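Colleague: Below is coords39.cif; it holds mmCIF, C-alpha atoms.
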data_start
#
loop_
_atom_site.group_PDB
_atom_site.id
_atom_site.type_symbol
_atom_site.label_atom_id
_atom_site.label_comp_id
_atom_site.auth_asym_id
_atom_site.auth_seq_id
_atom_site.Cartn_x
_atom_site.Cartn_y
_atom_site.Cartn_z
ATOM 1 C CA MET A 1 -5.443 17.725 0.113
ATOM 2 C CA LYS A 2 -1.933 18.491 1.316
ATOM 3 C CA ILE A 3 0.823 20.490 -0.375
ATOM 4 C CA ILE A 4 4.532 19.767 0.001
ATOM 5 C CA ASN A 5 6.652 22.762 -0.947
ATOM 6 C CA THR A 6 10.039 22.070 -2.528
ATOM 7 C CA ALA A 7 12.684 24.457 -3.831
ATOM 8 C CA THR A 8 11.350 24.160 -7.390
ATOM 9 C CA GLU A 9 7.678 23.160 -7.236
ATOM 10 C CA ASN A 10 4.662 22.313 -5.124
ATOM 11 C CA ILE A 11 3.676 18.664 -4.772
ATOM 12 C CA ILE A 12 -0.040 18.120 -4.221
ATOM 13 C CA ILE A 13 -1.240 15.097 -2.246
ATOM 14 C CA ASP A 14 -4.686 14.311 -3.622
ATOM 15 C CA GLY A 15 -7.364 11.680 -3.329
ATOM 16 C CA PRO A 16 -9.247 9.590 -3.612
ATOM 17 C CA VAL A 17 -8.944 10.536 -7.281
ATOM 18 C CA THR A 18 -11.017 9.442 -10.256
ATOM 19 C CA ALA A 19 -9.822 7.383 -13.196
ATOM 20 C CA ASP A 20 -10.321 10.383 -15.489
ATOM 21 C CA PHE A 21 -8.092 12.553 -13.314
ATOM 22 C CA ILE A 22 -5.380 9.882 -13.327
ATOM 23 C CA ARG A 23 -5.576 9.734 -17.136
ATOM 24 C CA SER A 24 -5.241 13.536 -17.354
ATOM 25 C CA LEU A 25 -1.740 13.400 -15.854
ATOM 26 C CA ILE A 26 1.539 11.854 -16.988
ATOM 27 C CA MET A 27 3.108 9.051 -14.989
ATOM 28 C CA HIS A 28 6.673 9.922 -13.942
ATOM 29 C CA GLU A 29 9.152 7.758 -15.836
ATOM 30 C CA LYS A 30 10.781 6.552 -12.618
ATOM 31 C CA LEU A 31 7.589 5.052 -11.208
ATOM 32 C CA SER A 32 8.605 1.637 -12.463
ATOM 33 C CA ASN A 33 9.171 -0.437 -9.348
ATOM 34 C CA PHE A 34 6.235 -2.791 -9.977
ATOM 35 C CA ARG A 35 5.676 -2.465 -13.747
ATOM 36 C CA SER A 36 6.278 0.062 -16.527
ATOM 37 C CA PRO A 37 4.914 3.578 -15.827
ATOM 38 C CA ALA A 38 2.238 3.213 -18.531
ATOM 39 C CA ARG A 39 1.082 -0.123 -17.153
ATOM 40 C CA GLN A 40 1.100 1.243 -13.621
ATOM 41 C CA GLN A 41 -1.008 4.219 -14.666
ATOM 42 C CA GLU A 42 -3.465 1.800 -16.269
ATOM 43 C CA ALA A 43 -3.542 -0.239 -13.040
ATOM 44 C CA LEU A 44 -4.330 2.906 -11.034
ATOM 45 C CA THR A 45 -7.261 3.756 -13.310
ATOM 46 C CA ILE A 46 -8.652 0.220 -12.979
ATOM 47 C CA VAL A 47 -8.517 0.419 -9.175
ATOM 48 C CA ALA A 48 -10.052 3.916 -9.179
ATOM 49 C CA GLN A 49 -12.985 2.579 -11.226
ATOM 50 C CA SER A 50 -13.603 -0.452 -9.007
ATOM 51 C CA PRO A 51 -16.482 -0.231 -6.485
ATOM 52 C CA GLU A 52 -14.320 -0.021 -3.360
ATOM 53 C CA GLY A 53 -11.011 0.973 -4.918
ATOM 54 C CA LEU A 54 -9.243 4.062 -3.585
ATOM 55 C CA VAL A 55 -6.271 5.799 -5.233
ATOM 56 C CA TYR A 56 -4.242 8.638 -3.737
ATOM 57 C CA ILE A 57 -1.576 10.411 -5.749
ATOM 58 C CA ALA A 58 1.204 12.964 -5.387
ATOM 59 C CA HIS A 59 1.393 15.242 -8.420
ATOM 60 C CA ASN A 60 2.593 18.646 -9.605
ATOM 61 C CA ASN A 61 -0.417 19.324 -11.870
ATOM 62 C CA ARG A 62 1.334 17.554 -14.743
ATOM 63 C CA TYR A 63 3.181 14.471 -13.497
ATOM 64 C CA ILE A 64 2.162 11.795 -11.020
ATOM 65 C CA VAL A 65 5.250 11.420 -8.828
ATOM 66 C CA GLY A 66 3.874 9.086 -6.169
ATOM 67 C CA TYR A 67 0.801 7.040 -5.330
ATOM 68 C CA THR A 68 -0.809 4.559 -3.013
ATOM 69 C CA LEU A 69 -3.909 2.456 -3.633
ATOM 70 C CA PHE A 70 -6.415 0.278 -1.804
ATOM 71 C CA HIS A 71 -8.460 -2.563 -3.269
ATOM 72 C CA HIS A 72 -9.991 -5.911 -2.436
ATOM 73 C CA PRO A 73 -7.380 -8.672 -2.085
ATOM 74 C CA SER A 74 -6.908 -11.017 -5.020
ATOM 75 C CA GLN A 75 -9.477 -13.789 -5.156
ATOM 76 C CA TYR A 76 -6.586 -16.266 -5.122
ATOM 77 C CA THR A 77 -5.491 -15.271 -1.609
ATOM 78 C CA ARG A 78 -6.949 -16.289 1.744
ATOM 79 C CA TRP A 79 -7.607 -12.645 2.576
ATOM 80 C CA SER A 80 -10.303 -12.399 -0.099
ATOM 81 C CA ARG A 81 -12.568 -14.548 2.080
ATOM 82 C CA HIS A 82 -12.822 -11.789 4.694
ATOM 83 C CA PRO A 83 -16.016 -9.688 4.400
ATOM 84 C CA ARG A 84 -14.466 -6.328 5.398
ATOM 85 C CA ILE A 85 -10.881 -6.236 4.254
ATOM 86 C CA LEU A 86 -8.957 -3.953 1.923
ATOM 87 C CA GLU A 87 -5.377 -4.349 0.798
ATOM 88 C CA LEU A 88 -2.973 -1.459 0.519
ATOM 89 C CA GLY A 89 -1.743 -2.698 -2.815
ATOM 90 C CA ALA A 90 1.340 -0.517 -3.237
ATOM 91 C CA ILE A 91 2.999 2.722 -2.307
ATOM 92 C CA GLU A 92 5.658 4.206 -4.561
ATOM 93 C CA VAL A 93 7.435 7.539 -4.948
ATOM 94 C CA ALA A 94 9.597 8.411 -7.956
ATOM 95 C CA ARG A 95 13.270 8.317 -7.020
ATOM 96 C CA ASP A 96 13.793 12.038 -7.730
ATOM 97 C CA TYR A 97 11.058 12.873 -5.207
ATOM 98 C CA GLN A 98 12.019 10.602 -2.356
ATOM 99 C CA LYS A 99 12.979 11.844 1.119
ATOM 100 C CA LEU A 100 10.488 14.725 0.896
ATOM 101 C CA GLY A 101 7.876 13.123 3.142
ATOM 102 C CA ILE A 102 5.605 12.219 0.218
ATOM 103 C CA ALA A 103 5.013 8.590 1.215
ATOM 104 C CA LYS A 104 4.041 9.583 4.750
ATOM 105 C CA ALA A 105 1.777 12.352 3.435
ATOM 106 C CA LEU A 106 0.045 9.888 1.087
ATOM 107 C CA LEU A 107 -0.718 7.567 4.001
ATOM 108 C CA GLU A 108 -1.844 10.420 6.251
ATOM 109 C CA THR A 109 -4.228 11.699 3.586
ATOM 110 C CA ALA A 110 -5.598 8.240 2.862
ATOM 111 C CA PHE A 111 -6.343 7.463 6.497
ATOM 112 C CA GLU A 112 -8.137 10.751 6.997
ATOM 113 C CA ASN A 113 -10.872 9.075 4.937
ATOM 114 C CA PRO A 114 -13.472 7.846 7.488
ATOM 115 C CA LEU A 115 -14.393 4.960 5.169
ATOM 116 C CA LEU A 116 -11.140 3.196 6.033
ATOM 117 C CA GLU A 117 -12.168 3.091 9.693
ATOM 118 C CA GLU A 118 -14.771 0.505 8.647
ATOM 119 C CA TYR A 119 -12.194 -1.919 7.257
ATOM 120 C CA VAL A 120 -9.374 -4.199 8.235
ATOM 121 C CA VAL A 121 -6.564 -2.924 6.003
ATOM 122 C CA ILE A 122 -3.575 -5.133 5.246
ATOM 123 C CA THR A 123 -0.361 -4.724 3.356
ATOM 124 C CA THR A 124 1.674 -7.735 2.261
ATOM 125 C CA GLU A 125 5.291 -6.695 1.812
ATOM 126 C CA PHE A 126 7.571 -8.837 -0.364
ATOM 127 C CA PHE A 127 11.233 -7.945 -0.495
ATOM 128 C CA TRP A 128 11.519 -8.570 -4.249
ATOM 129 C CA HIS A 129 9.353 -5.471 -4.843
ATOM 130 C CA TRP A 130 11.587 -3.203 -2.779
ATOM 131 C CA ASP A 131 13.848 -0.623 -4.384
ATOM 132 C CA LEU A 132 17.008 -1.847 -2.699
ATOM 133 C CA ARG A 133 19.315 -0.553 -5.420
ATOM 134 C CA GLY A 134 17.814 2.924 -5.566
ATOM 135 C CA SER A 135 17.536 3.310 -1.806
ATOM 136 C CA ARG A 136 21.020 1.845 -1.182
ATOM 137 C CA LEU A 137 19.574 -0.015 1.787
ATOM 138 C CA ASP A 138 20.017 -3.670 2.588
ATOM 139 C CA VAL A 139 16.907 -5.803 2.900
ATOM 140 C CA TRP A 140 16.694 -5.508 6.697
ATOM 141 C CA SER A 141 17.157 -1.743 6.718
ATOM 142 C CA TYR A 142 14.480 -1.432 4.048
ATOM 143 C CA GLN A 143 12.133 -3.616 6.092
ATOM 144 C CA LYS A 144 12.759 -1.399 9.135
ATOM 145 C CA MET A 145 12.041 1.711 7.063
ATOM 146 C CA LEU A 146 8.722 0.270 5.822
ATOM 147 C CA THR A 147 7.733 -0.854 9.315
ATOM 148 C CA LYS A 148 8.278 2.695 10.559
ATOM 149 C CA LEU A 149 6.436 4.251 7.590
ATOM 150 C CA PHE A 150 3.356 2.049 7.912
ATOM 151 C CA GLY A 151 3.535 2.397 11.679
ATOM 152 C CA TYR A 152 2.753 6.109 11.276
ATOM 153 C CA ALA A 153 -0.647 5.046 9.902
ATOM 154 C CA GLY A 154 -1.323 2.513 12.664
ATOM 155 C CA PHE A 155 -0.175 -0.678 10.943
ATOM 156 C CA LYS A 156 1.434 -3.434 13.003
ATOM 157 C CA LYS A 157 3.312 -6.543 11.922
ATOM 158 C CA ARG A 158 1.390 -9.791 12.263
ATOM 159 C CA ARG A 159 2.567 -13.375 12.130
ATOM 160 C CA THR A 160 0.947 -15.676 9.591
ATOM 161 C CA ASP A 161 1.507 -19.008 7.888
ATOM 162 C CA ASP A 162 0.735 -17.518 4.462
ATOM 163 C CA PRO A 163 3.259 -19.328 2.201
ATOM 164 C CA GLU A 164 4.155 -16.181 0.249
ATOM 165 C CA ILE A 165 5.029 -14.319 3.435
ATOM 166 C CA LEU A 166 7.042 -17.294 4.719
ATOM 167 C CA GLU A 167 8.979 -17.538 1.471
ATOM 168 C CA HIS A 168 11.591 -15.100 2.801
ATOM 169 C CA PRO A 169 12.186 -13.902 6.381
ATOM 170 C CA ALA A 170 12.156 -10.255 5.284
ATOM 171 C CA ASN A 171 8.609 -10.511 3.897
ATOM 172 C CA MET A 172 5.919 -9.306 6.250
ATOM 173 C CA LEU A 173 2.203 -8.907 6.771
ATOM 174 C CA MET A 174 1.076 -5.667 8.388
ATOM 175 C CA VAL A 175 -2.466 -4.878 9.484
ATOM 176 C CA ARG A 176 -4.518 -1.921 10.649
ATOM 177 C CA PHE A 177 -7.915 -2.396 12.287
ATOM 178 C CA GLY A 178 -10.240 0.512 11.627
ATOM 179 C CA SER A 179 -11.876 2.025 14.708
ATOM 180 C CA LYS A 180 -15.352 0.991 13.483
ATOM 181 C CA VAL A 181 -14.527 -2.639 12.669
ATOM 182 C CA PRO A 182 -16.797 -4.936 14.743
ATOM 183 C CA TYR A 183 -15.209 -7.631 16.885
ATOM 184 C CA GLN A 184 -16.514 -10.453 14.689
ATOM 185 C CA TYR A 185 -14.547 -9.091 11.735
ATOM 186 C CA ILE A 186 -11.402 -8.819 13.842
ATOM 187 C CA LYS A 187 -11.918 -12.430 14.908
ATOM 188 C CA ALA A 188 -12.497 -13.451 11.280
ATOM 189 C CA PHE A 189 -9.152 -11.908 10.375
ATOM 190 C CA GLU A 190 -7.393 -13.695 13.222
ATOM 191 C CA ASP A 191 -8.851 -16.988 11.990
ATOM 192 C CA LEU A 192 -7.359 -16.360 8.533
ATOM 193 C CA THR A 193 -3.807 -15.666 9.686
ATOM 194 C CA TYR A 194 -3.068 -19.333 10.468
ATOM 195 C CA GLN A 195 -4.593 -21.984 8.230
ATOM 196 C CA ASN A 196 -1.827 -24.504 7.700
ATOM 197 C CA SER A 197 -0.870 -25.179 11.301
ATOM 198 C CA LEU A 198 -0.640 -28.789 12.461
ATOM 199 C CA VAL A 199 -1.993 -27.693 15.823
ATOM 200 C CA ASP A 200 -5.745 -27.125 16.148
#
Just dump the structure as structure tokens.
Modeller:
Amino acid sequence: MKIINTATENIIIDGPVTADFIRSLIMHEKLSNFRSPARQQEALTIVAQSPEGLVYIAHNNRYIVGYTLFHHPSQYTRWSRHPRILELGAIEVARDYQKLGIAKALLETAFENPLLEEYVVITTEFFWHWDLRGSRLDVWSYQKMLTKLFGYAGFKKRRTDDPEILEHPANMLMVRFGSKVPYQYIKAFEDLTYQNSLVD
């Protein structure tokens, strides 16, 4: 647990949290980048209840003001065929609480969990989910900001022929190999990155 002190309140970085704890708090109204706050809160509880789901939140004992979550990739993606992979599904901080170091603190807290050292962790970043209007950044500046943020946690950009990533040049796949991931699982991930190449 970490605490970020602001001029008006203390923000607690907490996790992994239970579904019941998530339900006990109120989702900040500006956590709406991916879906409505109520729907997003429901999504967090579903992940928290799943066998290998992990949810980390930033809260002030009443409101959830930021979160990040980890879960198995969708069964409809190539990544779901990997035996030891988790996807960092999203990271979001309410606009009123941005630029306080909350996103970085969420990632730092999450990766203090030794369980994540046993997994390949990916994040698939699609520009249409980015808060370009609120951040006042262009797509390339936003991409650079995310690359730096995830880089703090050990993620690196990887090339792939995944059609969704290739749909726009700003989209990106980033990956972090846990320190306890065996070589065969690293190789299995490498084999998944290119599947549509004309060259064997």
Colleague: Please give the centre and size of the box around segment 90-105 of chain A (axis-aligned, containing every atom listed in the file, 8 Å added per side), with values in Å to one decimal and written as AutoDock Vina command-line options.
Modeller:
--center_x 7.6 --center_y 7.1 --center_z -1.6 --size_x 28.5 --size_y 31.2 --size_z 28.7
Colleague: Quick check, in Å to one decimal: how far apart do atom CA of Phe21 of chain A and atom CA of Val175 of chain A lie?
Modeller: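 The value is 29.2 Å.
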Colleague: Any idea what the distance is between atom CA of Phe70 of chain A and atom CA of Gly134 of chain A?
Modeller: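 Here the two named atoms are 24.7 Å from each other.
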Colleague: With distances taken over all atoms listed in the file, which residue among A:Glu87, A:Glu108, A:Glu117, A:Glu167 lies nearest Met1 of chain A?
Modeller: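 Distance minimum relative to Met1 of chain A lands on A:Glu108.
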Colleague: Residues of segment 69-178 of chain A that approach segment 51-62 of chain A to 10 Å or less, counting all atoms listed in the file: could you list each one with the shortest pair of atoms and its distance in Å to one decimal, rows by chain and increasing residue number, as CSV?
Modeller:
residue,atom,partner,partner_atom,distance
A:Leu69,CA,A:Val55,CA,4.4
A:Phe70,CA,A:Leu54,CA,5.0
A:His71,CA,A:Gly53,CA,4.7
A:His72,CA,A:Glu52,CA,7.4
A:Leu86,CA,A:Glu52,CA,8.5
A:Glu87,CA,A:Gly53,CA,9.6
A:Leu88,CA,A:Leu54,CA,9.3
A:Gly89,CA,A:Val55,CA,9.9
A:Ile91,CA,A:Tyr56,CA,9.5
A:Glu92,CA,A:Ile57,CA,9.6
A:Val93,CA,A:Ala58,CA,8.3
A:Ala94,CA,A:Ala58,CA,9.9
A:Tyr97,CA,A:Ala58,CA,9.9
A:Ile102,CA,A:Ala58,CA,7.2
A:Ala103,CA,A:Ala58,CA,8.8
A:Ala105,CA,A:Ala58,CA,8.9
A:Leu106,CA,A:Tyr56,CA,6.6
A:Leu107,CA,A:Tyr56,CA,8.6
A:Thr109,CA,A:Tyr56,CA,7.9
A:Ala110,CA,A:Tyr56,CA,6.7
A:Leu115,CA,A:Glu52,CA,9.9
A:Leu116,CA,A:Leu54,CA,9.8
Colleague: Report the distance between atom CA of Gln41 of chain A and atom CA of Glu125 of chain A in Å, rounded to one decimal place.
Modeller: 20.7 Å
Colleague: Measuring between all atoms listed in the file, which one of A:Val121, A:Val47, A:Met174, A:Ile64 shows the shortest distance to Lys148 of chain A?
Modeller: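 Of all the options, A:Met174 lies closest to Lys148 of chain A.
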Colleague: Nearest to Ile12 of chain A among A:Gln49, A:Leu44, A:Val65, A:Ser24, with distances taken over only C-alpha atoms: which residue is it?
Modeller: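 Comparing A:Gln49, A:Leu44, A:Val65, A:Ser24 against Ile12 of chain A, the winner is A:Val65.
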Colleague: Using all atoms listed in the file, which residue out of A:Asp138, A:Ala90, A:Pro73, A:Ile122 lies closest to Arg35 of chain A?
Modeller: A:Ala90
Colleague: Please identify all polymer residues within 12 Å of Thr160 of chain A, counting all atoms listed in the file, omitting same-chain residues fewer than 3 positions from it, and present them as an MDAnalysis selection string.
Modeller: chainID A and resid 78:79 124 157 163:167 169 171:175 189:197
